[in-house]
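Each remark here refers to the structure printed beneath this line.
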Amino acid sequence: MITILPAGESAVLVEYDELPSVLGNFRALDASRIPGVIDLIPAARTILIKYDNTITGHKLVEKWVRGAVPIELTADESGPAVEIPVRYDGDDLVEVGKLTGLGVDGVIESHTSALWTVAFIGFAPGFAYLTGNERKLEVPRRSDPRMQVPAGAVGLAGPFSGVYPRSSPGGWQLIGTTELSVWDAERRPPALLLPGTTVTFVRA
């Protein structure tokens, strides 16, 4: 079930019941854009669709959305992934090992063996929420968020992993660091990780 709501004169907000539905429908819509669609912006439970109302309109966009057949991504179909080298030296790595029951080595093995997908961007420019096929790594956010997390910190929270694009406050469980820049205002596009991108982590 989906709900389609107008968002001004040239956009609609499509609401889904779960993140996998967002991911599957985002892939389908991105692969079959109709004339006039300018942008697709996925989030945890929604996709915002911006369009040029001189080319298309709400009714045509709604028909297109409702006719989409979700595309499920498999490892064989994912294509090349962005590889992120990580030093597994995070302050919360030992705690994550305890919370998951995997131990430090098990956390590293699970994190590097999983295939991750950028579900959406949020929190800060270039901060990609990565969802993976490894449910054993799900951990709660820290009960006491840090006032300052350095750029390049790699963390876990709930079903997501992510890389902090810049220094900022944060409550994710930190398991490592990377020197790879995921946000560069001089780069085009500035964000290294865009919705739909597949990602693998490797031990640096």
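Identifiers in the structure tokens: chain A, B, ... in order shown; residue index from 1 per chain; ligand index from 1 in order shown.
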Distance query Leu19 in chain A at most 9 Å, only C-alpha atoms, self and fewer than 5 positions along chain excluded, as a VMD selection string: chain A and resid 24 43 to 46 119
Give me the range 62-173 of chain A side of the contact with range 27-36 of chain A, cut-off 10 Å, one line per residue showing its nearest atom pair and distance in Å at one decimal, counting only C-alpha atoms, sorted by chain and residue number, as a Markdown table.
```
| residue | atom | partner | partner_atom | distance |
| --- | --- | --- | --- | --- |
| A:Trp64 | CA | A:Ile34 | CA | 7.6 |
| A:Val65 | CA | A:Leu29 | CA | 7.2 |
| A:Gly67 | CA | A:Leu29 | CA | 9.5 |
| A:Ala68 | CA | A:Ala28 | CA | 6.1 |
| A:Val69 | CA | A:Ala28 | CA | 6.2 |
| A:Pro70 | CA | A:Ala28 | CA | 5.4 |
| A:Ile71 | CA | A:Ala28 | CA | 5.5 |
| A:Glu72 | CA | A:Arg27 | CA | 8.1 |
| A:Leu73 | CA | A:Arg27 | CA | 8.6 |
```
Measuring between only C-alpha atoms, which one of A:Ser161, A:Thr100, A:Ser143, A:Ser110 shows the shortest distance to Phe127 in chain A? A:Ser161
Range 13-185 of chain A: which residues are strand (DSSP E or B) by DSSP, as a PyMOL selection string? chain A and resi 13-15+37-42+46-51+82-87+116-121+128-132+139+146-149+153-158+160-163+168-170+173-177+183
So which residues touch Glu138 in chain A within 7 Å, counting only C-alpha atoms, skipping near sequence neighbours fewer than 3 positions away, as JSON, numbers by chain? {"A": [135, 157, 158, 159]}
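Across A:Val202, A:Ile108, A:Val86, A:Leu115, the tightest approach to Ala153 in chain A is made by A:Val86 when counting only C-alpha atoms.
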Quick one, how far is CA of Gly97 in chain A from CA of Gln148 in chain A? 22.6 Å
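Between CA of Val107 in chain A and CA of Leu93 in chain A the interatomic distance comes to 7.9 Å.
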Just list the residues in range 60-189 of chain A DSSP gives alpha helix (DSSP H) on the backbone, as a VMD selection string. chain A and resid 60 to 66 93 to 100 103 to 113
Calculate how many Å separate CA of Leu99 in chain A from CA of Gly176 in chain A, rounding to one decimal.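 Answer for the CA of Leu99 in chain A to CA of Gly176 in chain A separation: 16.3 Å.
The protein and nucleic acid residues lying at most 12 Å from Pro195 in chain A are Val22, Leu23, Gly24, Phe26, Arg27, Asp30, Asp39, Leu40, Ile41, Pro42, Ala43, Ala44, Ile47, Trp116, Thr117, Val118, Ala119, Phe120, Ile121, Gly122, Gly126, Phe127, Ala128, Tyr129, Leu130 and Thr131 of chain A, with only C-alpha atoms considered and sequence neighbours fewer than 6 positions away removed.
Candidate residues A:Arg146, A:Arg141, A:Phe123, A:Glu134 were compared for distance to Tyr164 in chain A, and the nearest is A:Phe123, using only C-alpha atoms.
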I'd like to know which of A:Ala114, A:Gly90, A:Ala185, A:Leu194 is closest to Trp172 in chain A, using only C-alpha atoms.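 Ranked by minimum distance to Trp172 in chain A, first place goes to A:Gly90.
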My list of candidates is A:Trp183, A:Arg166, A:Glu83, A:Ser113. Which is closest to Thr198 in chain A when distances are computed with only C-alpha atoms?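 The closest residue to Thr198 in chain A is A:Glu83.
Between Ile2 in chain A and the candidates A:Gly57, A:Glu62, A:Val199, A:Val149, the tightest atom-to-atom separation, counting only C-alpha atoms, involves A:Glu62.
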Can you tell me which residues surround Asp105 in chain A at a distance of at most 12 Å, considering only C-alpha atoms, apart from same-chain residues fewer than 4 positions away, and format the answer as a list in words?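 The contact residues come out as Tyr88, Asp89, Leu93, Val94, Val96, Gly97, Lys98, Thr100, Gly101, Glu109, Ser110, His111, Thr112, Ile175 and Arg203 of chain A.
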